[in-house]
Structure formats: structure tokens, C-alpha cells
Amino acid sequence: MRTDILIVLMLMVSVNFYPQQLKYRSVNHYLEIFEKEEINKLKERGLLDQDLNIVPKFKKKGENELNEEGQNLYLELKVALLKSYFKDYFYQQHLQYKDEIFVLYFSMAGFDDLEWCILKWERKKWKDLERIDKQLVERAKFHNNKDFDFICFNYDEGPKNSEDVKIFIKDDYLVMSREGLYHSLFDLKSQKLLINETCPYCESQSNTKEEMNLWIKKNLHDKIDRIINP
């Protein structure tokens with residue numbers, strides 16, 4: 001009996017002092033969490049009932065849609081929740097190169113724009129941060145940060161490439177890929193960002209996702225591919 005208790009205590013200590021290593025998290029992982037928070041908030045404020053139906057006070061007569069008062073309340077709640085929930089960047093993935101750790105983070109800007117950044121830590125300074133304040137990252141773009149270096153940023157305003165977002169290392173290059181298209185290239189030897197576009201949708205002036213991705217393939221993906229696969 002005493003031995004069993006000792007084993008349990010040792011396991012508890014192990015869990016507390018040796019947390020599990022961070023693993024890849026998709027964009028949908030965070031969007032699904034946000035959606036649950038949003039539904040809970042709408043129920044708390046009486047916009048939806050427990051069965052997720054619009055309550056009569058906020059429903060258009062004869063239609064299953066929000067009336068003007070309901071729309072105004074919904075927008076107020078959603079904007080407040082977006083500002084609160086996405087005031088940070090959320091961890092997606094990290095990779096080690098020699099004594100450096102490169103971390104991919106995700107967040108949202110505005111009402112539905114998606115954004116990513118890559119940060120670099122010295123391995124001894126990396127603390128498995130699951131989230132990091134956006135303002136801290138923003139300052140690091142222009143001023144040295146004692147803990148990490150800002151590498152690059154890009155976002156989707158309009159059509160989204162949000163599936164299978166990842167970073168990988170090929171030879172001495174760090175690549176960011178979204179939906180199979182290369183978006184960013186960082187030279188690990190020279191420590192220089194070689195290719196990146198902050199807003200492909202804006203730069204391409206496209207009207208559809210297909211048009212945007214054709215621009216990305218020509219102006220980003222193919223150029224990166226020629227460098228990492230000569």
C-alpha cells in the first residue's frame with residue numbers, strides 16, 4: 001500500500017516538473033475554441049437560448065434572423081470578445097536549428113483577418129510559450145527584444161490560406177507554407193529574410209482566392225522553390 005502511494009506521488013511530481021512538450025496546433029483548433037466562447041457569451045447575454053435558437057426579443061418577425069437590435073448586440077459582443085481573446089498570438093509550431101528555436105504563432109486581426117508571425121529564441125531562453133502579447137511582438141519589429149527576435153509577419157485580408165499552416169527547415173533555410181504554397185523564406189546562415197509578402201491578397205489585387213494563389217505561386221512559392229530545390 002505504501003509503495004503504491006509512493007508511486008502516485010512520484011508521478012504527480014513528474015507531471016508538475018516535466019510538462020509535456022508543445023505539439024502542433026492548427027488554426028481550426030483556435031477558431032473552434034473561440035466559437036465555443038462566442039456561443040457561451042451569446043447565451044449569457046440572452047441572444048440565444050440553451051438550444052442555440054435566437055430568442056424572440058432579438059428575432060425578425062417570421063424569419064430565423066436577428067433583428068436590428070439583435071445584430072447590434074451581436075456585433076458588440078463579438079468585437080469585444082475578439083479584442084479580448086486575440087490580444088495575443090497563439091502557438092502553432094516550433095523547430096530547432098542548432099541553438100535557435102523558431103516559433104510560428106497565429107492570431108486574428110479586425111473582424112476576420114488571420115495573421116501569423118515567426119519569432120526566434122535562443123534555445124536556452126525558449127520557455128514553451130503558448131501565447132505571447134501582440135504589443136510585445138509589435139515593438140520587437142522596430143526595437144531589439146532581450147528574449148526573442150522578430151523574423152516575419154503575414155496575414156490574410158480577404159481569401160484565406162489557413163489550412164496546413166506550418167514551418168519547415170530545408171538545408172539552411174526556414175520556410176513558411178500555407179495550404180501547400182510557400183509564403184516566406186529565411187536564410188538561417190545569413191540570418192536574413194529573403195522572401196516574404198505581408199499581405200498577398202492586397203499586393204495581388206485579386207478578386208478571388210484562385211487569383212490570389214496564382215499570384216502567390218508565381219511571386220513567392222516558385223521563387224522559394226527554386227532556392228530550396230535548385
# chains A, B, ... in the order shown; residues from 1 in each chain; ligands from 1
$ residues_around --residues "segment 68-80 of chain A" --least-positions-apart "5" --cutoff "12 Å" --atoms "only C-alpha atoms" --output "PyMOL selection string"
chain A and resi 34-35+37-48+54-61+85-87+108-112
$ residues_around --residues "Ile118 of chain A" --least-positions-apart "4" --cutoff "8 Å" --atoms "only C-alpha atoms" --output "PyMOL selection string"
chain A and resi 102-105+150-153
$ closest_residue --among "A:Asp51, A:Asp222, A:Glu211, A:Asp128" --to "Gln21 of chain A" --atoms "only C-alpha atoms"
A:Asp128
$ select_by_dssp --residues "segment 58-163 of chain A" --states "alpha helix (DSSP H)" --output "ChimeraX atom specification"
/A:68-85,134-140
$ write_last_selection --atoms "N, CA and C atoms" --output "PDB file, in the first residue's frame"
ATOM      1  N   GLU A  68     -32.669  44.229 -35.908  1.00  0.00           N
ATOM      2  CA  GLU A  68     -31.651  45.274 -35.801  1.00  0.00           C
ATOM      3  C   GLU A  68     -31.037  45.322 -34.402  1.00  0.00           C
ATOM      4  N   GLU A  69     -31.880  45.218 -33.383  1.00  0.00           N
ATOM      5  CA  GLU A  69     -31.366  45.236 -32.013  1.00  0.00           C
ATOM      6  C   GLU A  69     -30.454  44.039 -31.759  1.00  0.00           C
ATOM      7  N   GLY A  70     -30.840  42.866 -32.292  1.00  0.00           N
ATOM      8  CA  GLY A  70     -30.030  41.663 -32.131  1.00  0.00           C
ATOM      9  C   GLY A  70     -28.704  41.768 -32.855  1.00  0.00           C
ATOM     10  N   GLN A  71     -28.727  42.331 -34.064  1.00  0.00           N
ATOM     11  CA  GLN A  71     -27.495  42.496 -34.833  1.00  0.00           C
ATOM     12  C   GLN A  71     -26.523  43.424 -34.112  1.00  0.00           C
ATOM     13  N   ASN A  72     -27.056  44.503 -33.559  1.00  0.00           N
ATOM     14  CA  ASN A  72     -26.200  45.455 -32.839  1.00  0.00           C
ATOM     15  C   ASN A  72     -25.570  44.811 -31.601  1.00  0.00           C
ATOM     16  N   LEU A  73     -26.366  44.034 -30.875  1.00  0.00           N
ATOM     17  CA  LEU A  73     -25.848  43.358 -29.688  1.00  0.00           C
ATOM     18  C   LEU A  73     -24.808  42.307 -30.084  1.00  0.00           C
ATOM     19  N   TYR A  74     -25.093  41.572 -31.148  1.00  0.00           N
ATOM     20  CA  TYR A  74     -24.164  40.541 -31.611  1.00  0.00           C
ATOM     21  C   TYR A  74     -22.814  41.156 -31.988  1.00  0.00           C
ATOM     22  N   LEU A  75     -22.849  42.247 -32.759  1.00  0.00           N
ATOM     23  CA  LEU A  75     -21.603  42.895 -33.164  1.00  0.00           C
ATOM     24  C   LEU A  75     -20.835  43.411 -31.960  1.00  0.00           C
ATOM     25  N   GLU A  76     -21.552  43.989 -31.011  1.00  0.00           N
ATOM     26  CA  GLU A  76     -20.907  44.497 -29.798  1.00  0.00           C
ATOM     27  C   GLU A  76     -20.201  43.377 -29.036  1.00  0.00           C
ATOM     28  N   LEU A  77     -20.897  42.247 -28.881  1.00  0.00           N
ATOM     29  CA  LEU A  77     -20.324  41.119 -28.150  1.00  0.00           C
ATOM     30  C   LEU A  77     -19.144  40.513 -28.897  1.00  0.00           C
ATOM     31  N   LYS A  78     -19.280  40.353 -30.216  1.00  0.00           N
ATOM     32  CA  LYS A  78     -18.220  39.704 -30.993  1.00  0.00           C
ATOM     33  C   LYS A  78     -16.951  40.552 -31.021  1.00  0.00           C
ATOM     34  N   VAL A  79     -17.102  41.840 -31.238  1.00  0.00           N
ATOM     35  CA  VAL A  79     -15.935  42.721 -31.279  1.00  0.00           C
ATOM     36  C   VAL A  79     -15.203  42.709 -29.941  1.00  0.00           C
ATOM     37  N   ALA A  80     -15.961  42.776 -28.857  1.00  0.00           N
ATOM     38  CA  ALA A  80     -15.345  42.752 -27.523  1.00  0.00           C
ATOM     39  C   ALA A  80     -14.615  41.436 -27.275  1.00  0.00           C
ATOM     40  N   LEU A  81     -15.227  40.330 -27.710  1.00  0.00           N
ATOM     41  CA  LEU A  81     -14.617  39.018 -27.499  1.00  0.00           C
ATOM     42  C   LEU A  81     -13.371  38.851 -28.368  1.00  0.00           C
ATOM     43  N   LEU A  82     -13.420  39.338 -29.604  1.00  0.00           N
ATOM     44  CA  LEU A  82     -12.255  39.268 -30.483  1.00  0.00           C
ATOM     45  C   LEU A  82     -11.078  40.035 -29.892  1.00  0.00           C
ATOM     46  N   LYS A  83     -11.353  41.229 -29.385  1.00  0.00           N
ATOM     47  CA  LYS A  83     -10.284  42.046 -28.796  1.00  0.00           C
ATOM     48  C   LYS A  83      -9.686  41.373 -27.569  1.00  0.00           C
ATOM     49  N   SER A  84     -10.532  40.719 -26.807  1.00  0.00           N
ATOM     50  CA  SER A  84     -10.064  40.063 -25.591  1.00  0.00           C
ATOM     51  C   SER A  84      -9.308  38.778 -25.896  1.00  0.00           C
ATOM     52  N   TYR A  85      -9.886  37.929 -26.729  1.00  0.00           N
ATOM     53  CA  TYR A  85      -9.320  36.608 -26.986  1.00  0.00           C
ATOM     54  C   TYR A  85      -8.069  36.683 -27.848  1.00  0.00           C
ATOM     55  N   LYS A 134       0.601  40.571 -28.317  1.00  0.00           N
ATOM     56  CA  LYS A 134       0.806  41.177 -29.629  1.00  0.00           C
ATOM     57  C   LYS A 134       1.620  42.467 -29.547  1.00  0.00           C
ATOM     58  N   GLN A 135       1.373  43.247 -28.522  1.00  0.00           N
ATOM     59  CA  GLN A 135       2.092  44.513 -28.394  1.00  0.00           C
ATOM     60  C   GLN A 135       3.582  44.285 -28.203  1.00  0.00           C
ATOM     61  N   LEU A 136       3.923  43.227 -27.489  1.00  0.00           N
ATOM     62  CA  LEU A 136       5.325  42.875 -27.297  1.00  0.00           C
ATOM     63  C   LEU A 136       5.970  42.515 -28.630  1.00  0.00           C
ATOM     64  N   VAL A 137       5.247  41.748 -29.447  1.00  0.00           N
ATOM     65  CA  VAL A 137       5.747  41.371 -30.768  1.00  0.00           C
ATOM     66  C   VAL A 137       5.856  42.591 -31.669  1.00  0.00           C
ATOM     67  N   GLU A 138       4.859  43.466 -31.621  1.00  0.00           N
ATOM     68  CA  GLU A 138       4.867  44.669 -32.457  1.00  0.00           C
ATOM     69  C   GLU A 138       6.081  45.542 -32.152  1.00  0.00           C
ATOM     70  N   ARG A 139       6.394  45.705 -30.881  1.00  0.00           N
ATOM     71  CA  ARG A 139       7.563  46.501 -30.503  1.00  0.00           C
ATOM     72  C   ARG A 139       8.856  45.861 -30.993  1.00  0.00           C
ATOM     73  N   ALA A 140       8.872  44.514 -31.016  1.00  0.00           N
ATOM     74  CA  ALA A 140      10.082  43.795 -31.435  1.00  0.00           C
ATOM     75  C   ALA A 140      10.379  43.977 -32.923  1.00  0.00           C
TER      76      ALA A 140
END
$ atom_distance --atom1 "atom CA of Lys98 of chain A" --atom2 "atom CA of Leu174 of chain A"
12.6 Å
$ residues_around --residues "Asp149 of chain A" --least-positions-apart "6" --cutoff "7 Å" --atoms "only C-alpha atoms" --output "ChimeraX atom specification"
/A:119-121,140
$ select_by_dssp --residues "segment 17-218 of chain A" --states "strand (DSSP E)" --output "compact mmCIF listing (two decimals) with N, CA and C atoms, in the first residue's frame"
# COMPACT_ATOMS: atom_id res chain seq x y z
N ASP A 88 -3.48 38.27 -28.00
CA ASP A 88 -2.21 37.54 -28.01
C ASP A 88 -2.05 36.76 -29.31
N TYR A 89 -0.82 36.36 -29.59
CA TYR A 89 -0.54 35.36 -30.60
C TYR A 89 -0.55 33.99 -29.92
N PHE A 90 -1.07 32.99 -30.63
CA PHE A 90 -1.17 31.64 -30.10
C PHE A 90 -0.18 30.71 -30.80
N TYR A 91 0.41 29.82 -30.02
CA TYR A 91 1.40 28.87 -30.53
C TYR A 91 0.80 27.92 -31.56
N GLN A 92 1.56 27.72 -32.65
CA GLN A 92 1.21 26.68 -33.62
C GLN A 92 2.29 25.61 -33.74
N GLN A 93 3.55 26.04 -33.78
CA GLN A 93 4.61 25.07 -34.05
C GLN A 93 5.96 25.69 -33.71
N HIS A 94 6.93 24.85 -33.36
CA HIS A 94 8.31 25.35 -33.23
C HIS A 94 9.30 24.32 -33.73
N LEU A 95 10.45 24.82 -34.21
CA LEU A 95 11.52 23.98 -34.73
C LEU A 95 12.86 24.45 -34.17
N GLN A 96 13.78 23.52 -34.04
CA GLN A 96 15.11 23.87 -33.56
C GLN A 96 16.11 23.80 -34.72
N TYR A 97 16.98 24.82 -34.78
CA TYR A 97 18.09 24.83 -35.73
C TYR A 97 19.33 25.22 -34.94
N GLU A 100 19.10 27.58 -31.91
CA GLU A 100 18.00 28.54 -32.08
C GLU A 100 16.66 27.81 -32.16
N ILE A 101 15.63 28.46 -31.65
CA ILE A 101 14.26 27.94 -31.72
C ILE A 101 13.42 28.92 -32.53
N PHE A 102 12.79 28.42 -33.59
CA PHE A 102 11.91 29.25 -34.40
C PHE A 102 10.46 28.84 -34.12
N VAL A 103 9.62 29.83 -33.84
CA VAL A 103 8.25 29.56 -33.40
C VAL A 103 7.25 30.26 -34.31
N LEU A 104 6.26 29.50 -34.75
CA LEU A 104 5.17 30.02 -35.57
C LEU A 104 3.98 30.31 -34.67
N TYR A 105 3.48 31.56 -34.74
CA TYR A 105 2.33 31.96 -33.95
C TYR A 105 1.20 32.43 -34.86
N PHE A 106 -0.03 32.28 -34.36
CA PHE A 106 -1.24 32.65 -35.11
C PHE A 106 -2.15 33.54 -34.27
N SER A 107 -2.87 34.45 -34.95
CA SER A 107 -3.90 35.23 -34.26
C SER A 107 -4.89 35.77 -35.30
N MET A 108 -5.81 36.62 -34.85
CA MET A 108 -6.75 37.29 -35.74
C MET A 108 -6.63 38.79 -35.54
N ALA A 109 -6.91 39.53 -36.63
CA ALA A 109 -6.91 40.99 -36.58
C ALA A 109 -8.24 41.48 -37.14
N ASP A 113 -9.72 38.88 -40.22
CA ASP A 113 -8.41 38.72 -40.86
C ASP A 113 -7.53 37.81 -40.02
N LEU A 114 -6.83 36.89 -40.68
CA LEU A 114 -5.95 35.95 -39.99
C LEU A 114 -4.51 36.41 -40.13
N GLU A 115 -3.71 36.23 -39.08
CA GLU A 115 -2.33 36.71 -39.12
C GLU A 115 -1.36 35.73 -38.46
N TRP A 116 -0.14 35.73 -38.98
CA TRP A 116 0.90 34.84 -38.47
C TRP A 116 2.20 35.62 -38.29
N CYS A 117 3.02 35.15 -37.37
CA CYS A 117 4.37 35.69 -37.26
C CYS A 117 5.31 34.56 -36.86
N ILE A 118 6.58 34.75 -37.18
CA ILE A 118 7.63 33.81 -36.78
C ILE A 118 8.61 34.56 -35.90
N LEU A 119 8.90 33.98 -34.74
CA LEU A 119 9.85 34.57 -33.80
C LEU A 119 10.99 33.60 -33.55
N LYS A 120 12.15 34.16 -33.20
CA LYS A 120 13.32 33.33 -32.95
C LYS A 120 13.85 33.54 -31.54
N TRP A 121 14.07 32.44 -30.84
CA TRP A 121 14.66 32.46 -29.50
C TRP A 121 16.01 31.74 -29.50
N GLU A 122 16.87 32.14 -28.61
CA GLU A 122 17.99 31.27 -28.27
C GLU A 122 17.40 30.09 -27.51
N ARG A 131 1.40 31.40 -25.67
CA ARG A 131 0.84 32.64 -26.18
C ARG A 131 1.80 33.78 -25.84
N ILE A 132 1.74 34.82 -26.65
CA ILE A 132 2.61 35.96 -26.44
C ILE A 132 1.86 37.23 -26.83
N ASP A 133 2.03 38.27 -26.04
CA ASP A 133 1.30 39.52 -26.23
C ASP A 133 1.63 40.16 -27.58
N PHE A 148 13.73 37.52 -27.63
CA PHE A 148 13.50 36.92 -28.96
C PHE A 148 13.72 37.95 -30.06
N ASP A 149 13.84 37.44 -31.30
CA ASP A 149 13.95 38.28 -32.49
C ASP A 149 12.72 38.08 -33.37
N PHE A 150 12.22 39.16 -33.93
CA PHE A 150 11.11 39.10 -34.87
C PHE A 150 11.65 38.73 -36.24
N ILE A 151 11.06 37.71 -36.88
CA ILE A 151 11.53 37.25 -38.19
C ILE A 151 10.65 37.76 -39.33
N CYS A 152 9.35 37.47 -39.27
CA CYS A 152 8.47 37.93 -40.34
C CYS A 152 7.01 37.86 -39.90
N PHE A 153 6.18 38.50 -40.72
CA PHE A 153 4.74 38.59 -40.45
C PHE A 153 4.01 38.54 -41.78
N ASN A 154 2.89 37.84 -41.84
CA ASN A 154 1.97 37.99 -42.97
C ASN A 154 0.56 37.62 -42.55
N TYR A 155 -0.40 38.12 -43.31
CA TYR A 155 -1.79 37.87 -42.94
C TYR A 155 -2.68 37.78 -44.17
N ASP A 156 -3.89 37.30 -43.93
CA ASP A 156 -4.89 37.18 -44.99
C ASP A 156 -6.01 38.17 -44.75
N LYS A 166 2.36 25.80 -41.66
CA LYS A 166 3.49 25.19 -40.95
C LYS A 166 4.79 25.86 -41.36
N ILE A 167 5.82 25.60 -40.56
CA ILE A 167 7.17 25.97 -40.92
C ILE A 167 8.00 24.69 -41.04
N PHE A 168 9.00 24.72 -41.92
CA PHE A 168 9.90 23.57 -42.02
C PHE A 168 11.28 24.07 -42.42
N ILE A 169 12.28 23.25 -42.16
CA ILE A 169 13.67 23.59 -42.48
C ILE A 169 14.16 22.67 -43.59
N LYS A 170 14.69 23.30 -44.65
CA LYS A 170 15.29 22.55 -45.76
C LYS A 170 16.72 23.06 -45.92
N TYR A 173 17.62 26.69 -44.75
CA TYR A 173 16.54 27.65 -44.98
C TYR A 173 15.33 27.29 -44.14
N LEU A 174 14.68 28.32 -43.62
CA LEU A 174 13.41 28.15 -42.91
C LEU A 174 12.30 28.63 -43.84
N VAL A 175 11.29 27.77 -44.04
CA VAL A 175 10.20 28.10 -44.96
C VAL A 175 8.87 28.06 -44.21
N MET A 176 8.03 29.05 -44.52
CA MET A 176 6.66 29.03 -44.02
C MET A 176 5.74 28.67 -45.18
N SER A 177 4.89 27.67 -44.96
CA SER A 177 3.99 27.19 -46.01
C SER A 177 2.55 27.24 -45.52
N ARG A 178 1.64 27.64 -46.43
CA ARG A 178 0.22 27.63 -46.11
C ARG A 178 -0.55 27.03 -47.27
N LEU A 181 1.45 26.20 -50.36
CA LEU A 181 2.14 27.27 -51.06
C LEU A 181 3.15 27.93 -50.11
N TYR A 182 4.39 28.07 -50.58
CA TYR A 182 5.42 28.71 -49.78
C TYR A 182 5.18 30.22 -49.74
N HIS A 183 5.20 30.78 -48.52
CA HIS A 183 4.95 32.21 -48.36
C HIS A 183 6.18 33.00 -47.92
N SER A 184 7.07 32.36 -47.14
CA SER A 184 8.20 33.09 -46.56
C SER A 184 9.46 32.24 -46.59
N LEU A 185 10.60 32.90 -46.78
CA LEU A 185 11.89 32.20 -46.81
C LEU A 185 12.91 32.98 -45.99
N PHE A 186 13.50 32.29 -45.01
CA PHE A 186 14.51 32.90 -44.14
C PHE A 186 15.80 32.11 -44.25
N ASP A 187 16.91 32.82 -44.53
CA ASP A 187 18.22 32.19 -44.65
C ASP A 187 18.81 32.03 -43.26
N LYS A 192 18.93 36.28 -42.62
CA LYS A 192 18.22 37.31 -43.37
C LYS A 192 16.92 36.75 -43.94
N LEU A 193 15.89 37.58 -43.93
CA LEU A 193 14.62 37.23 -44.56
C LEU A 193 14.76 37.52 -46.04
N LEU A 194 14.67 36.50 -46.86
CA LEU A 194 14.89 36.64 -48.30
C LEU A 194 13.60 36.93 -49.05
N ILE A 195 12.53 36.25 -48.70
CA ILE A 195 11.26 36.40 -49.42
C ILE A 195 10.11 36.39 -48.41
$ residues_around --residues "segment 213-216 of chain A" --least-positions-apart "3" --cutoff "9 Å" --atoms "only C-alpha atoms" --output "PyMOL selection string"
chain A and resi 161+181-183+200-201+203-204+206+208-210+219-222
$ write_last_selection --atoms "N, CA and C atoms" --output "mmCIF file, in the first residue's frame"
data_model
loop_
_atom_site.group_PDB
_atom_site.id
_atom_site.type_symbol
_atom_site.label_atom_id
_atom_site.label_comp_id
_atom_site.auth_asym_id
_atom_site.auth_seq_id
_atom_site.Cartn_x
_atom_site.Cartn_y
_atom_site.Cartn_z
ATOM 1 N N ASN A 161 -5.763 31.395 -46.715
ATOM 2 C CA ASN A 161 -4.982 30.166 -46.826
ATOM 3 C C ASN A 161 -4.647 29.734 -45.403
ATOM 4 N N LEU A 181 1.451 26.196 -50.356
ATOM 5 C CA LEU A 181 2.145 27.274 -51.057
ATOM 6 C C LEU A 181 3.153 27.929 -50.111
ATOM 7 N N TYR A 182 4.386 28.070 -50.582
ATOM 8 C CA TYR A 182 5.419 28.711 -49.781
ATOM 9 C C TYR A 182 5.183 30.225 -49.741
ATOM 10 N N HIS A 183 5.199 30.780 -48.523
ATOM 11 C CA HIS A 183 4.948 32.210 -48.357
ATOM 12 C C HIS A 183 6.179 33.001 -47.917
ATOM 13 N N PRO A 200 -0.432 39.063 -49.209
ATOM 14 C CA PRO A 200 -0.521 38.630 -50.614
ATOM 15 C C PRO A 200 -1.806 39.074 -51.307
ATOM 16 N N TYR A 201 -2.913 39.061 -50.580
ATOM 17 C CA TYR A 201 -4.186 39.468 -51.176
ATOM 18 C C TYR A 201 -4.139 40.933 -51.601
ATOM 19 N N GLU A 203 -1.402 42.796 -52.187
ATOM 20 C CA GLU A 203 -0.392 43.008 -53.216
ATOM 21 C C GLU A 203 -0.850 42.475 -54.571
ATOM 22 N N SER A 204 -1.573 41.369 -54.558
ATOM 23 C CA SER A 204 -2.018 40.760 -55.824
ATOM 24 C C SER A 204 -3.212 41.484 -56.428
ATOM 25 N N SER A 206 -6.240 40.827 -56.130
ATOM 26 C CA SER A 206 -7.096 39.789 -56.713
ATOM 27 C C SER A 206 -8.516 39.885 -56.181
ATOM 28 N N THR A 208 -10.475 36.858 -56.181
ATOM 29 C CA THR A 208 -10.828 35.528 -55.702
ATOM 30 C C THR A 208 -9.599 34.855 -55.098
ATOM 31 N N LYS A 209 -9.848 33.776 -54.351
ATOM 32 C CA LYS A 209 -8.746 33.010 -53.780
ATOM 33 C C LYS A 209 -7.890 32.389 -54.878
ATOM 34 N N GLU A 210 -8.526 31.938 -55.958
ATOM 35 C CA GLU A 210 -7.804 31.320 -57.061
ATOM 36 C C GLU A 210 -6.827 32.315 -57.683
ATOM 37 N N ASN A 219 4.937 34.614 -57.530
ATOM 38 C CA ASN A 219 5.781 35.628 -56.917
ATOM 39 C C ASN A 219 6.436 35.201 -55.601
ATOM 40 N N LEU A 220 5.932 34.144 -54.987
ATOM 41 C CA LEU A 220 6.504 33.678 -53.725
ATOM 42 C C LEU A 220 6.923 32.217 -53.808
ATOM 43 N N HIS A 221 5.957 31.326 -54.007
ATOM 44 C CA HIS A 221 6.209 29.890 -53.966
ATOM 45 C C HIS A 221 7.297 29.454 -54.941
ATOM 46 N N ASP A 222 7.153 29.813 -56.215
ATOM 47 C CA ASP A 222 8.106 29.347 -57.229
ATOM 48 C C ASP A 222 9.507 29.890 -56.972
#
$ closest_residue --among "A:Tyr30, A:Asp99, A:Cys199, A:Lys23" --to "Leu129 of chain A" --atoms "only C-alpha atoms"
A:Lys23
$ closest_residue --among "A:Lys217, A:Met212, A:Leu66, A:Asn53" --to "Lys160 of chain A" --atoms "only C-alpha atoms"
A:Met212
$ atom_distance --atom1 "atom CA of Ser190 of chain A" --atom2 "atom CA of Lys141 of chain A"
18.4 Å
$ decode --residues "segment 189-227 of chain A" --atoms "C-alpha atoms" --output "PDB file, in the first residue's frame"
ATOM      1  CA  LYS A 189      23.117  31.050 -42.267  1.00  0.00           C
ATOM      2  CA  SER A 190      22.987  34.759 -43.040  1.00  0.00           C
ATOM      3  CA  GLN A 191      20.033  35.346 -40.661  1.00  0.00           C
ATOM      4  CA  LYS A 192      18.220  37.309 -43.367  1.00  0.00           C
ATOM      5  CA  LEU A 193      14.620  37.233 -44.557  1.00  0.00           C
ATOM      6  CA  LEU A 194      14.890  36.641 -48.297  1.00  0.00           C
ATOM      7  CA  ILE A 195      11.262  36.402 -49.417  1.00  0.00           C
ATOM      8  CA  ASN A 196       8.007  37.408 -47.703  1.00  0.00           C
ATOM      9  CA  GLU A 197       4.862  39.361 -48.509  1.00  0.00           C
ATOM     10  CA  THR A 198       2.917  40.877 -45.635  1.00  0.00           C
ATOM     11  CA  CYS A 199      -0.441  40.749 -47.423  1.00  0.00           C
ATOM     12  CA  PRO A 200      -0.521  38.630 -50.614  1.00  0.00           C
ATOM     13  CA  TYR A 201      -4.186  39.468 -51.176  1.00  0.00           C
ATOM     14  CA  CYS A 202      -3.510  43.219 -51.054  1.00  0.00           C
ATOM     15  CA  GLU A 203      -0.392  43.008 -53.216  1.00  0.00           C
ATOM     16  CA  SER A 204      -2.018  40.760 -55.824  1.00  0.00           C
ATOM     17  CA  GLN A 205      -5.133  42.960 -56.054  1.00  0.00           C
ATOM     18  CA  SER A 206      -7.096  39.789 -56.713  1.00  0.00           C
ATOM     19  CA  ASN A 207     -10.827  39.241 -56.509  1.00  0.00           C
ATOM     20  CA  THR A 208     -10.828  35.528 -55.702  1.00  0.00           C
ATOM     21  CA  LYS A 209      -8.746  33.010 -53.780  1.00  0.00           C
ATOM     22  CA  GLU A 210      -7.804  31.320 -57.061  1.00  0.00           C
ATOM     23  CA  GLU A 211      -6.406  34.580 -58.455  1.00  0.00           C
ATOM     24  CA  MET A 212      -4.542  35.292 -55.214  1.00  0.00           C
ATOM     25  CA  ASN A 213      -2.980  31.832 -55.142  1.00  0.00           C
ATOM     26  CA  LEU A 214      -1.825  32.131 -58.747  1.00  0.00           C
ATOM     27  CA  TRP A 215      -0.049  35.330 -57.723  1.00  0.00           C
ATOM     28  CA  ILE A 216       1.433  33.636 -54.628  1.00  0.00           C
ATOM     29  CA  LYS A 217       2.692  30.711 -56.707  1.00  0.00           C
ATOM     30  CA  LYS A 218       4.386  32.971 -59.247  1.00  0.00           C
ATOM     31  CA  ASN A 219       5.781  35.628 -56.917  1.00  0.00           C
ATOM     32  CA  LEU A 220       6.504  33.678 -53.725  1.00  0.00           C
ATOM     33  CA  HIS A 221       6.209  29.890 -53.966  1.00  0.00           C
ATOM     34  CA  ASP A 222       8.106  29.347 -57.229  1.00  0.00           C
ATOM     35  CA  LYS A 223      10.911  31.727 -56.219  1.00  0.00           C
ATOM     36  CA  ILE A 224      11.318  29.956 -52.881  1.00  0.00           C
ATOM     37  CA  ASP A 225      11.134  26.535 -54.515  1.00  0.00           C
ATOM     38  CA  ARG A 226      13.976  27.396 -56.909  1.00  0.00           C
ATOM     39  CA  ILE A 227      16.179  28.335 -53.937  1.00  0.00           C
TER      40      ILE A 227
END
